[in-house]
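Below is the file upload_17.txt, which contains compact mmCIF, C-alpha atoms and all ligand atoms.
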# COMPACT_ATOMS: atom_id res chain seq x y z
CA MET K 373 -24.31 24.60 -47.53
CA GLU K 374 -27.72 23.20 -46.46
CA GLU K 375 -26.18 19.75 -45.99
CA LYS K 376 -23.53 21.18 -43.69
CA LEU K 377 -26.11 23.12 -41.66
CA LEU K 378 -28.47 20.15 -41.23
CA ALA K 379 -25.64 17.82 -40.27
CA GLY K 380 -24.35 20.46 -37.82
CA VAL K 381 -27.75 20.86 -36.15
CA LEU K 382 -28.24 17.11 -35.77
CA ASN K 383 -24.71 16.68 -34.50
CA GLU K 384 -25.30 19.36 -31.85
CA ILE K 385 -28.50 17.63 -30.68
CA LEU K 386 -26.82 14.21 -30.56
CA ARG K 387 -23.70 15.40 -28.75
CA HIS K 388 -25.14 17.90 -26.31
CA LYS K 389 -28.74 16.60 -25.90
CA VAL K 390 -30.13 20.08 -26.55
CA SER K 391 -33.44 21.12 -28.14
CA LEU K 392 -33.75 21.87 -31.84
CA ASP K 393 -34.04 25.60 -31.11
CA VAL K 394 -30.83 25.67 -29.06
CA ALA K 395 -28.95 23.56 -31.63
CA PHE K 396 -30.12 25.77 -34.50
CA LYS K 397 -29.12 28.96 -32.69
CA ARG K 398 -25.64 27.55 -32.01
CA VAL K 399 -25.08 26.31 -35.54
CA CYS K 400 -26.79 29.09 -37.47
CA SER K 401 -25.01 32.07 -35.92
CA SER K 402 -25.06 35.57 -37.45
CA LYS K 403 -23.37 34.60 -40.73
CA CYS K 404 -25.60 31.63 -41.51
CA ALA K 405 -28.29 33.63 -43.31
CA ARG K 406 -28.33 37.09 -44.89
CA THR K 407 -31.97 37.93 -44.18
CA SER K 408 -34.47 36.98 -41.50
CA GLU K 409 -36.57 35.24 -44.20
CA GLU K 410 -33.59 33.09 -45.17
CA ARG K 411 -32.91 32.27 -41.53
CA GLU K 412 -36.55 31.25 -41.07
CA ARG K 413 -36.41 29.04 -44.16
CA LEU K 414 -33.30 27.31 -42.81
CA TYR K 415 -34.93 26.86 -39.40
CA GLU K 416 -37.99 25.21 -40.96
CA LEU K 417 -35.72 23.00 -43.08
CA SER K 418 -33.82 21.91 -39.94
CA ARG K 419 -37.11 21.25 -38.17
CA ALA K 420 -38.37 19.02 -40.99
CA PHE K 421 -35.04 17.16 -41.17
CA VAL K 422 -34.80 16.51 -37.41
CA SER K 423 -38.47 15.44 -37.36
CA ASP K 424 -37.58 12.72 -39.89
CA TYR K 425 -34.60 11.44 -37.84
CA VAL K 426 -36.12 8.08 -36.87
CA LYS K 427 -37.45 7.56 -40.40
CA LEU K 428 -33.95 8.13 -41.75
CA LEU K 429 -32.35 5.74 -39.24
CA CYS K 430 -34.92 3.08 -40.16
CA ALA K 431 -34.22 3.63 -43.87
CA ALA K 432 -30.45 3.43 -43.37
CA GLY K 433 -30.85 0.26 -41.29
CA LYS K 434 -27.84 1.16 -39.13
CA ARG K 435 -26.27 4.11 -37.33
CA VAL K 436 -24.84 6.52 -39.85
CA ARG K 437 -23.19 9.89 -39.51
CA PRO K 438 -25.36 13.05 -39.50
CA LYS K 439 -23.69 14.14 -42.74
CA VAL K 440 -24.85 11.00 -44.53
CA LEU K 441 -28.38 11.36 -43.12
CA ALA K 442 -28.52 14.99 -44.29
CA LYS K 443 -27.39 13.99 -47.78
CA MET K 444 -29.99 11.18 -47.96
CA TRP K 445 -32.74 13.50 -46.73
CA LEU K 446 -31.96 16.36 -49.11
CA ALA K 447 -31.82 13.97 -52.06
CA GLY K 448 -35.07 12.30 -50.93
CA SER K 449 -33.27 9.01 -51.63
CA PHE K 450 -34.58 6.87 -48.79
CA GLU K 451 -37.37 4.39 -48.33
CA VAL K 452 -39.04 4.17 -44.93
CA PRO K 453 -39.89 0.60 -43.82
CA PRO K 454 -43.59 0.03 -42.97
CA ASP K 455 -43.00 -0.45 -39.19
CA PRO K 456 -45.28 2.07 -37.43
CA HIS K 457 -42.52 3.64 -35.32
CA CYS K 458 -40.48 4.23 -38.50
CA GLN K 459 -43.44 5.72 -40.37
CA LEU K 460 -44.29 7.95 -37.39
CA SER K 461 -40.61 8.78 -36.77
CA VAL K 462 -40.62 8.03 -33.05
CA PRO K 463 -38.18 5.82 -31.10
CA GLN K 464 -39.35 2.22 -31.07
CA TRP K 465 -39.46 1.93 -27.24
CA LEU K 466 -41.72 4.97 -27.05
CA TYR K 467 -44.10 3.77 -29.75
CA ASP K 468 -44.30 0.26 -28.23
CA LYS K 469 -44.98 1.69 -24.80
CA MET K 470 -47.78 3.97 -25.98
CA ARG K 471 -49.22 1.18 -28.16
CA ASN K 472 -49.45 -0.97 -25.00
CA ILE K 473 -51.24 1.83 -23.18
CA MET K 474 -53.52 3.24 -25.89
CA GLY K 475 -53.71 0.55 -28.57
CA GLU K 476 -54.43 1.86 -32.09
CA GLU K 477 -54.85 5.40 -30.75
CA ALA K 478 -51.07 5.67 -30.28
CA ALA K 479 -50.66 6.14 -34.03
CA LYS K 480 -53.23 8.97 -34.02
CA LEU K 481 -51.45 10.60 -31.10
CA PHE K 482 -47.98 10.52 -32.69
CA SER K 483 -49.33 11.56 -36.04
CA ALA K 484 -50.97 14.64 -34.43
CA MET K 485 -47.67 15.36 -32.68
CA SER K 486 -45.89 15.77 -36.01
CA LYS K 487 -47.57 19.17 -36.41
CA ARG K 488 -47.07 22.09 -34.06
CA ILE K 489 -50.21 24.00 -33.13
CA TRP K 490 -49.44 27.49 -31.86
CA TRP K 491 -51.54 28.99 -29.10
CA VAL K 492 -51.11 32.48 -27.70
CA ARG K 493 -52.45 33.95 -24.52
CA ALA K 494 -53.63 37.54 -24.24
CA ASN K 495 -51.52 39.07 -21.49
CA THR K 496 -54.41 40.56 -19.49
CA LEU K 497 -51.90 42.28 -17.20
CA LYS K 498 -51.18 44.60 -20.14
CA ALA K 499 -54.36 44.68 -22.25
CA GLY K 500 -57.81 43.17 -22.57
CA GLU K 501 -58.48 40.11 -24.71
CA GLU K 502 -60.28 42.10 -27.42
CA ARG K 503 -57.46 44.61 -27.79
CA VAL K 504 -54.85 41.86 -28.08
CA ARG K 505 -57.00 40.09 -30.64
CA ARG K 506 -57.31 43.31 -32.71
CA LYS K 507 -53.55 43.93 -32.50
CA LEU K 508 -52.80 40.43 -33.78
CA GLU K 509 -55.36 40.77 -36.56
CA GLU K 510 -53.85 44.12 -37.60
CA GLU K 511 -50.59 42.23 -38.07
CA GLY K 512 -52.35 39.88 -40.46
CA VAL K 513 -52.74 36.95 -38.04
CA GLU K 514 -55.82 34.77 -38.39
CA LEU K 515 -56.89 33.30 -35.09
CA GLU K 516 -59.63 31.43 -33.33
CA GLU K 517 -60.70 32.02 -29.74
CA SER K 518 -60.53 28.99 -27.47
CA GLN K 519 -63.95 27.63 -26.47
CA HIS K 520 -62.64 27.07 -22.97
CA PHE K 521 -60.52 30.02 -21.91
CA PRO K 522 -61.40 33.50 -23.24
CA TYR K 523 -57.81 34.72 -23.16
CA MET K 524 -56.43 31.87 -25.33
CA PHE K 525 -56.24 32.03 -29.13
CA LYS K 526 -55.25 29.37 -31.63
CA ILE K 527 -53.16 30.71 -34.50
CA LEU K 528 -54.64 29.58 -37.80
CA ARG K 529 -52.37 31.55 -40.11
CA THR K 530 -49.59 34.03 -39.51
CA PRO K 531 -47.61 36.13 -42.02
CA LYS K 532 -44.43 35.58 -40.01
CA PRO K 533 -43.15 33.32 -37.22
CA VAL K 534 -45.18 33.76 -34.05
CA ARG K 535 -42.20 34.75 -31.90
CA THR K 536 -41.36 37.62 -34.26
CA LEU K 537 -44.86 39.21 -34.26
CA ARG K 538 -44.95 42.74 -32.82
CA SER K 539 -47.68 41.83 -30.31
CA VAL K 540 -45.48 38.98 -29.06
CA ARG K 541 -42.32 41.11 -28.89
CA GLU K 542 -44.30 43.70 -26.90
CA PHE K 543 -45.56 40.95 -24.53
CA LEU K 544 -49.23 41.67 -25.30
CA ALA K 545 -49.55 38.11 -26.59
CA ILE K 546 -47.58 35.29 -25.00
CA PRO K 547 -46.99 31.97 -26.80
CA HIS K 548 -48.56 29.51 -24.37
CA ASP K 549 -49.86 26.02 -25.07
CA ILE K 550 -53.50 25.43 -24.12
CA ALA K 551 -52.64 22.39 -21.98
CA SER K 552 -50.17 24.46 -20.00
CA ALA K 553 -52.87 27.10 -19.43
CA ALA K 554 -55.19 24.29 -18.26
CA VAL K 555 -52.63 23.44 -15.56
CA VAL K 556 -52.96 26.92 -14.06
CA GLU K 557 -56.76 26.88 -14.46
CA THR K 558 -56.79 23.74 -12.31
CA LEU K 559 -55.05 25.68 -9.54
CA ARG K 560 -57.79 28.39 -9.66
CA PRO K 561 -55.61 31.23 -8.35
CA SER K 562 -57.67 33.84 -6.50
CA ARG K 563 -57.00 37.32 -5.20
CA GLY K 564 -55.12 37.50 -1.91
CA GLU K 565 -53.69 33.97 -2.02
CA ARG K 566 -50.12 32.86 -1.32
CA ILE K 567 -49.00 30.34 -3.89
CA VAL K 568 -45.76 28.41 -4.23
CA ASP K 569 -44.67 27.60 -7.79
CA ALA K 570 -42.13 24.87 -7.12
CA CYS K 571 -40.52 24.48 -10.56
CA ALA K 572 -41.22 27.92 -11.87
CA ALA K 573 -38.71 29.06 -14.50
CA PRO K 574 -39.06 30.61 -17.03
CA GLY K 575 -42.39 31.60 -15.50
CA ILE K 576 -44.97 31.13 -18.24
CA LYS K 577 -47.38 29.54 -15.76
CA THR K 578 -46.39 31.91 -12.94
CA SER K 579 -47.39 34.86 -15.11
CA LEU K 580 -50.80 33.27 -15.76
CA ILE K 581 -51.23 32.71 -12.00
CA VAL K 582 -50.67 36.45 -11.51
CA ALA K 583 -52.96 37.38 -14.40
CA LEU K 584 -55.84 35.16 -13.18
CA ALA K 585 -55.52 36.65 -9.68
CA GLU K 586 -55.56 40.12 -11.30
CA GLY K 587 -52.12 40.92 -9.89
CA ASP K 588 -53.29 40.59 -6.28
CA VAL K 589 -51.36 37.46 -5.23
CA LYS K 590 -48.03 36.54 -3.65
CA VAL K 591 -46.06 33.87 -5.48
CA THR K 592 -42.97 32.12 -4.16
CA ALA K 593 -41.20 31.00 -7.32
CA VAL K 594 -38.68 28.20 -6.72
CA ASP K 595 -36.32 26.78 -9.34
CA ILE K 596 -33.04 24.91 -9.10
CA SER K 597 -31.52 26.75 -12.05
CA GLY K 598 -30.14 30.22 -11.37
CA LYS K 599 -29.72 30.78 -15.10
CA ARG K 600 -33.37 29.99 -15.86
CA MET K 601 -34.43 32.09 -12.89
CA ASN K 602 -32.59 35.11 -14.32
CA VAL K 603 -34.45 34.65 -17.60
CA MET K 604 -37.67 34.43 -15.60
CA LYS K 605 -37.02 37.69 -13.71
CA HIS K 606 -36.44 39.51 -16.98
CA LEU K 607 -39.58 38.01 -18.59
CA MET K 608 -41.83 38.75 -15.61
CA LYS K 609 -40.83 42.44 -15.75
CA LYS K 610 -41.51 42.59 -19.49
CA MET K 611 -44.89 40.91 -18.94
CA GLY K 612 -45.94 43.72 -16.60
CA ILE K 613 -45.74 41.98 -13.21
CA ARG K 614 -45.25 44.48 -10.39
CA GLU K 615 -42.23 44.35 -8.05
CA GLY K 616 -42.91 42.37 -4.90
CA VAL K 617 -45.59 40.07 -6.38
CA ILE K 618 -43.08 37.28 -6.94
CA GLU K 619 -40.38 36.19 -4.52
CA TYR K 620 -37.63 34.33 -6.37
CA LEU K 621 -35.83 31.43 -4.69
CA VAL K 622 -33.06 29.49 -6.40
CA ALA K 623 -33.36 26.20 -4.52
CA ASP K 624 -33.94 22.48 -4.84
CA ALA K 625 -37.67 21.78 -4.47
CA ARG K 626 -36.82 18.37 -2.96
CA ARG K 627 -35.30 20.04 0.07
CA VAL K 628 -36.32 23.71 0.21
CA LYS K 629 -37.93 24.88 3.47
CA LEU K 630 -40.86 27.26 3.07
CA GLU K 631 -43.57 28.98 5.07
CA ARG K 632 -47.11 27.71 4.64
CA HIS K 633 -48.91 28.71 1.46
CA ASP K 634 -52.56 28.42 0.35
CA LYS K 635 -51.72 26.42 -2.76
CA ALA K 636 -48.80 24.87 -4.60
CA LEU K 637 -48.10 24.29 -8.26
CA ILE K 638 -45.62 21.55 -9.15
CA ASP K 639 -44.92 21.75 -12.87
CA ALA K 640 -42.32 19.06 -12.49
CA PRO K 641 -39.22 18.51 -14.63
CA CYS K 642 -39.93 15.46 -16.79
CA SER K 643 -38.94 13.38 -19.80
CA ASN K 644 -40.79 15.89 -22.04
CA THR K 645 -42.37 13.03 -24.01
CA GLY K 646 -45.50 15.17 -24.43
CA ALA K 647 -43.55 18.01 -26.03
CA ILE K 648 -42.37 16.32 -29.24
CA SER K 649 -44.47 18.66 -31.41
CA LYS K 650 -42.73 21.68 -29.86
CA ASP K 651 -39.24 20.17 -29.96
CA PRO K 652 -38.62 17.49 -32.61
CA GLY K 653 -35.09 17.16 -31.18
CA LEU K 654 -36.75 14.90 -28.58
CA ARG K 655 -37.17 12.27 -31.32
CA VAL K 656 -33.36 12.09 -31.28
CA THR K 657 -32.63 12.32 -27.57
CA LEU K 658 -35.45 10.51 -25.72
CA ARG K 659 -34.31 7.41 -23.81
CA PRO K 660 -36.30 5.19 -21.40
CA GLY K 661 -33.76 5.86 -18.61
CA LYS K 662 -34.94 9.48 -18.45
CA VAL K 663 -38.43 8.36 -17.44
CA GLU K 664 -37.11 6.37 -14.48
CA TYR K 665 -34.87 9.22 -13.35
CA TYR K 666 -37.60 11.88 -13.47
CA SER K 667 -40.18 9.65 -11.83
CA GLY K 668 -37.98 9.45 -8.70
CA LEU K 669 -37.27 13.18 -8.73
CA GLN K 670 -40.98 14.02 -9.08
CA ARG K 671 -41.91 11.90 -6.04
CA GLU K 672 -39.28 13.66 -3.94
CA ILE K 673 -40.53 17.10 -5.01
CA VAL K 674 -44.17 16.25 -4.22
CA ALA K 675 -43.14 14.80 -0.83
CA ASN K 676 -41.37 18.00 0.17
CA ILE K 677 -43.67 20.65 -1.31
CA SER K 678 -46.81 19.01 0.09
CA LYS K 679 -45.53 19.94 3.60
CA TYR K 680 -46.22 23.60 2.80
CA ALA K 681 -49.67 23.65 1.14
CA ASP K 682 -52.92 21.71 1.41
CA LYS K 683 -53.98 22.10 -2.23
CA ILE K 684 -51.49 21.04 -4.87
CA VAL K 685 -51.62 20.87 -8.63
CA TYR K 686 -49.13 18.36 -9.97
CA ALA K 687 -48.46 18.47 -13.72
CA THR K 688 -45.97 17.21 -16.28
CA CYS K 689 -45.64 17.43 -20.05
CA SER K 690 -44.98 13.71 -20.13
CA LEU K 691 -46.91 10.86 -21.77
CA MET K 692 -45.47 8.32 -19.35
CA PRO K 693 -47.64 6.85 -16.57
CA GLU K 694 -44.51 6.64 -14.37
CA GLU K 695 -44.45 10.46 -14.33
CA GLY K 696 -48.22 10.90 -14.02
CA GLU K 697 -50.64 8.28 -12.71
CA GLU K 698 -47.92 6.45 -10.75
CA VAL K 699 -46.69 9.63 -8.99
CA VAL K 700 -50.27 10.40 -7.93
CA SER K 701 -50.79 6.80 -6.69
CA PHE K 702 -47.59 7.15 -4.68
CA ALA K 703 -48.77 10.50 -3.25
CA SER K 704 -52.14 9.13 -2.17
CA ARG K 705 -50.58 5.95 -0.73
CA THR K 706 -47.75 7.49 1.21
CA LEU K 707 -48.30 11.24 1.61
CA ASN K 708 -51.96 11.45 2.64
CA LEU K 709 -52.82 13.37 -0.51
CA GLU K 710 -56.20 12.69 -2.04
CA PRO K 711 -56.61 13.19 -5.79
CA LEU K 712 -59.77 15.14 -6.73
CA TRP K 713 -61.22 15.47 -10.23
CA PRO K 714 -59.90 18.75 -11.66
CA SER K 715 -62.87 20.85 -12.73
CA LEU K 716 -61.56 21.56 -16.19
CA PRO K 717 -63.62 22.07 -19.33
CA LEU K 718 -61.08 20.13 -21.37
CA CYS K 719 -60.11 16.96 -19.52
CA GLY K 720 -59.12 13.73 -21.24
CA SER K 721 -59.14 10.46 -19.31
CA PRO K 722 -56.07 9.20 -17.51
CA TYR K 723 -54.76 5.81 -18.59
CA ARG K 724 -56.89 2.71 -18.06
CA GLY K 725 -55.74 0.39 -15.32
CA TYR K 726 -54.88 3.18 -12.88
CA ASP K 727 -57.40 4.11 -10.23
CA VAL K 728 -56.45 7.78 -10.34
CA LYS K 729 -58.50 10.96 -10.71
CA ALA K 730 -56.63 13.24 -13.12
CA CYS K 731 -56.79 14.75 -16.60
CA ARG K 732 -54.63 13.95 -19.59
CA LEU K 733 -54.51 16.30 -22.54
CA TYR K 734 -53.62 14.79 -25.90
CA ALA K 735 -52.41 16.30 -29.18
CA HIS K 736 -55.02 14.40 -31.23
CA GLU K 737 -57.94 15.33 -28.94
CA HIS K 738 -57.12 18.77 -27.61
CA GLU K 739 -54.71 20.19 -30.23
CA SER K 740 -52.25 20.63 -27.38
CA GLU K 741 -49.00 19.28 -26.05
CA GLY K 742 -49.33 16.06 -24.06
CA PHE K 743 -49.92 16.97 -20.40
CA PHE K 744 -50.88 15.17 -17.20
CA ILE K 745 -52.73 17.27 -14.61
CA ALA K 746 -53.75 16.21 -11.08
CA LEU K 747 -55.29 18.12 -8.21
CA LEU K 748 -54.22 16.84 -4.79
CA ASP K 749 -55.82 17.69 -1.49
CA LYS K 750 -54.30 17.07 1.98
CA VAL K 751 -56.47 14.53 3.76
C1 LIG G 1 -41.27 22.06 -16.86
S1 LIG G 1 -40.06 23.20 -16.44
C2 LIG G 1 -40.98 24.48 -15.69
C3 LIG G 1 -41.70 25.39 -16.64
C4 LIG G 1 -42.38 26.54 -15.93
N1 LIG G 1 -43.28 26.09 -14.89
C5 LIG G 1 -43.16 27.42 -16.88
O1 LIG G 1 -44.36 27.26 -17.02
O2 LIG G 1 -42.54 28.28 -17.51
C6 LIG G 1 -39.32 22.44 -15.05
C7 LIG G 1 -38.40 23.32 -14.25
O3 LIG G 1 -37.99 22.57 -13.10
C8 LIG G 1 -36.69 22.98 -12.75
N2 LIG G 1 -36.13 21.95 -11.85
C9 LIG G 1 -35.51 20.79 -12.15
N3 LIG G 1 -35.18 20.12 -11.03
C10 LIG G 1 -35.61 20.88 -9.98
C11 LIG G 1 -35.54 20.75 -8.57
N4 LIG G 1 -34.99 19.67 -7.99
N5 LIG G 1 -36.04 21.75 -7.81
C12 LIG G 1 -36.58 22.86 -8.37
N6 LIG G 1 -36.66 23.03 -9.71
C13 LIG G 1 -36.20 22.05 -10.51
C14 LIG G 1 -35.99 23.17 -14.07
O4 LIG G 1 -34.88 24.04 -13.92
C15 LIG G 1 -37.12 23.75 -14.94
O5 LIG G 1 -37.04 25.14 -14.95

As structure tokens - that is how I would like this structure written.
Ligand SMILES: C[S@@+](CC[C@H](N)C(=O)[O-])C[C@H]1O[C@@H](n2cnc3c(N)ncnc32)[C@H](O)[C@@H]1O
Amino acid sequence: MEEKLLAGVLNEILRHKVSLDVAFKRVCSSKCARTSEERERLYELSRAFVSDYVKLLCAAGKRVRPKVLAKMWLAGSFEVPPDPHCQLSVPQWLYDKMRNIMGEEAAKLFSAMSKRIWWVRANTLKAGEERVRRKLEEEGVELEESQHFPYMFKILRTPKPVRTLRSVREFLAIPHDIASAAVVETLRPSRGERIVDACAAPGIKTSLIVALAEGDVKVTAVDISGKRMNVMKHLMKKMGIREGVIEYLVADARRVKLERHDKALIDAPCSNTGAISKDPGLRVTLRPGKVEYYSGLQREIVANISKYADKIVYATCSLMPEEGEEVVSFASRTLNLEPLWPSLPLCGSPYRGYDVKACRLYAHEHESEGFFIALLDKV
């Protein structure tokens, strides 16, 4: 039964290029587990199996069917060759690329990315930080306040999965990675501003924009996906955002025409190479071609959105310089946008060899997803 489930989840990821969570939901429908505890156990099992995908391929030495990989994994009957990318279970091209950029540190980075650190944000639109903290503690959660942002908490221990906690279901606490919060902090939303969020759905950052501006802000939320935008509308209501604060626009940020705004956030679609700890399915689906594709798309989005605001935060959850440093170099060369140092309390250096002012957040340094954050100012 477990073998069938694991093979089914991997098959779904391989065939449809979906995340682990989506694949698990499709394969483990209502009949898959009798209790929520059993379902959670099967989810964690699938997560561990998919995380070991590259290890298993290395051990098999050739492409084999998901069913065979699941059997090998459950029996523990495989030996992982000593090659670093095999040991770290990341595609070889990705390991080699990061090794070229970071040297020995690449191994530390990928090793940190094998563990997911959960952060939650107190939804200050609904309750103060202290109250949210107490509510979580009453549920038996052990947490640690972030040294940088008072509304962010790192989960140290939880009696049940974070997404099933009462405080999370009631939208008092919102699962939100610290690097993603740092993106919005870089934008410094203030009361009375008009802000365009160019790739907004499902709105996790939009809701922090509204919270930091204490609800007194106008956000134009643009996203190309009508489906994701519908999810966003529902979430924003649940999070306590008043009607009229957000204007929703299903449109292509490469072409959309807007009025002028004070600031813009471009949380661009990307290869997701920084999000491996959140979605181990990326170990299966990542290909170098994705990086090239998104790099072009990101440049087009920056070129269009920069017509409508003088201050822009550009961010991606990608480890690739083509989607970070190189997009900013392009923007300063051809779009008259000057990069400024983000004034962020947690700011790792961008990659050596690029003359670019920006922050990179790393799993092994910041206990976060991998993010690139730049602040651009119209010259
Ligand atoms: C990284 S996600 C955004 C996450 C969101 N900012 C948040 O914090 O919840 C990127 C988003 O860009 C959208 N997208 C992709 N191509 C786009 C385009 N050409 N124009 C506008 N949105 C696009 C995707 O639908 C996706 O929702």

Could you report the residues within 10 Å of ligand LIG 1 (chain G), using all atoms listed in the file, as a count of residues only?
53

Between K:Pro463, K:Gly653, K:Pro561, K:Gly742, smallest distance to Ser418 in chain K by all atoms listed in the file belongs to K:Gly653

In terms of only C-alpha atoms, the residue from K:Lys605, K:Arg560, K:Lys376, K:His388 at minimal distance from Leu446 in chain K is K:Lys376

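The interatomic distance for the pair CA of Asp634 in chain K and CA of Glu565 in chain K works out to 6.1 Å.
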
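The environment of Leu460 in chain K within 10 Å, counting all atoms listed in the file and disregarding residues fewer than 2 places along the same chain, consists of Ser423, Asp424, Val426, Lys427, Val452, Pro454, Asp455, Pro456, His457, Cys458, Val462, Pro463, Gln464, Tyr467, Ala479, Lys480, Leu481, Phe482, Ser483, Ala484, Met485 and Ser486 of chain K.
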
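The closest residue to Leu718 in chain K, picked from K:Glu619, K:Glu477, K:Asp393, K:Glu557 and counting only C-alpha atoms, is K:Glu557.
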
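Contact shell of Ala583 in chain K at 9 Å (only C-alpha atoms; same-chain neighbours under 6 positions omitted): Asn495, Thr496, Leu497 and Ile613 of chain K.
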
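Among the candidates K:Pro652, K:Pro714, K:Gly380, K:Gly612, the residue lying nearest to Glu416 in chain K is K:Pro652 (atoms considered: all atoms listed in the file).
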
Students should find that CA of Val390 in chain K and CA of Asn676 in chain K are spaced 29.1 Å

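Going from CA of Leu747 in chain K over to CA of Ala494 in chain K, you cover 25.2 Å.
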
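The residue that comes closest to Leu515 in chain K, out of K:Ser461, K:Ala395, K:Arg724, K:Thr530 and on the basis of all atoms listed in the file, is K:Thr530.
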
* Asked: Skipping near chain neighbours, those fewer than 5 positions away, what residues fall within 7 Å of His633 in chain K using only C-alpha atoms, listed as a list in words?
  -> Arg566, Ile567, Val568, Tyr680 and Ala681 of chain K

One residue among K:Ile618, K:Val589, K:Ala647, K:Ala551 is nearest to Leu716 in chain K when using only C-alpha atoms, and that residue is K:Ala551

Completion of range 596-608 of chain K up to N, CA and C atoms, as an mmCIF file, keeping the file's coordinate frame:
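Dumped to selection_24.cif:
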data_model
loop_
_atom_site.group_PDB
_atom_site.id
_atom_site.type_symbol
_atom_site.label_atom_id
_atom_site.label_comp_id
_atom_site.auth_asym_id
_atom_site.auth_seq_id
_atom_site.Cartn_x
_atom_site.Cartn_y
_atom_site.Cartn_z
ATOM 1 N N ILE K 596 -34.408 25.328 -9.438
ATOM 2 C CA ILE K 596 -33.040 24.910 -9.100
ATOM 3 C C ILE K 596 -32.006 25.634 -9.976
ATOM 4 N N SER K 597 -32.467 26.159 -11.106
ATOM 5 C CA SER K 597 -31.520 26.750 -12.050
ATOM 6 C C SER K 597 -31.476 28.269 -11.934
ATOM 7 N N GLY K 598 -30.316 28.768 -11.504
ATOM 8 C CA GLY K 598 -30.140 30.220 -11.370
ATOM 9 C C GLY K 598 -30.218 30.898 -12.732
ATOM 10 N N LYS K 599 -29.719 30.203 -13.760
ATOM 11 C CA LYS K 599 -29.720 30.780 -15.100
ATOM 12 C C LYS K 599 -31.159 30.957 -15.597
ATOM 13 N N ARG K 600 -31.971 29.907 -15.421
ATOM 14 C CA ARG K 600 -33.370 29.990 -15.860
ATOM 15 C C ARG K 600 -34.137 31.020 -15.024
ATOM 16 N N MET K 601 -33.756 31.121 -13.762
ATOM 17 C CA MET K 601 -34.430 32.090 -12.890
ATOM 18 C C MET K 601 -34.136 33.524 -13.344
ATOM 19 N N ASN K 602 -32.909 33.766 -13.818
ATOM 20 C CA ASN K 602 -32.590 35.110 -14.320
ATOM 21 C C ASN K 602 -33.429 35.434 -15.553
ATOM 22 N N VAL K 603 -33.593 34.449 -16.420
ATOM 23 C CA VAL K 603 -34.450 34.650 -17.600
ATOM 24 C C VAL K 603 -35.868 34.967 -17.129
ATOM 25 N N MET K 604 -36.314 34.230 -16.125
ATOM 26 C CA MET K 604 -37.670 34.430 -15.600
ATOM 27 C C MET K 604 -37.868 35.857 -15.074
ATOM 28 N N LYS K 605 -36.897 36.334 -14.282
ATOM 29 C CA LYS K 605 -37.020 37.690 -13.710
ATOM 30 C C LYS K 605 -37.195 38.721 -14.816
ATOM 31 N N HIS K 606 -36.385 38.579 -15.856
ATOM 32 C CA HIS K 606 -36.440 39.510 -16.980
ATOM 33 C C HIS K 606 -37.828 39.432 -17.660
ATOM 34 N N LEU K 607 -38.280 38.193 -17.904
ATOM 35 C CA LEU K 607 -39.580 38.010 -18.590
ATOM 36 C C LEU K 607 -40.736 38.577 -17.761
ATOM 37 N N MET K 608 -40.712 38.325 -16.459
ATOM 38 C CA MET K 608 -41.830 38.750 -15.610
ATOM 39 C C MET K 608 -41.967 40.284 -15.632
#
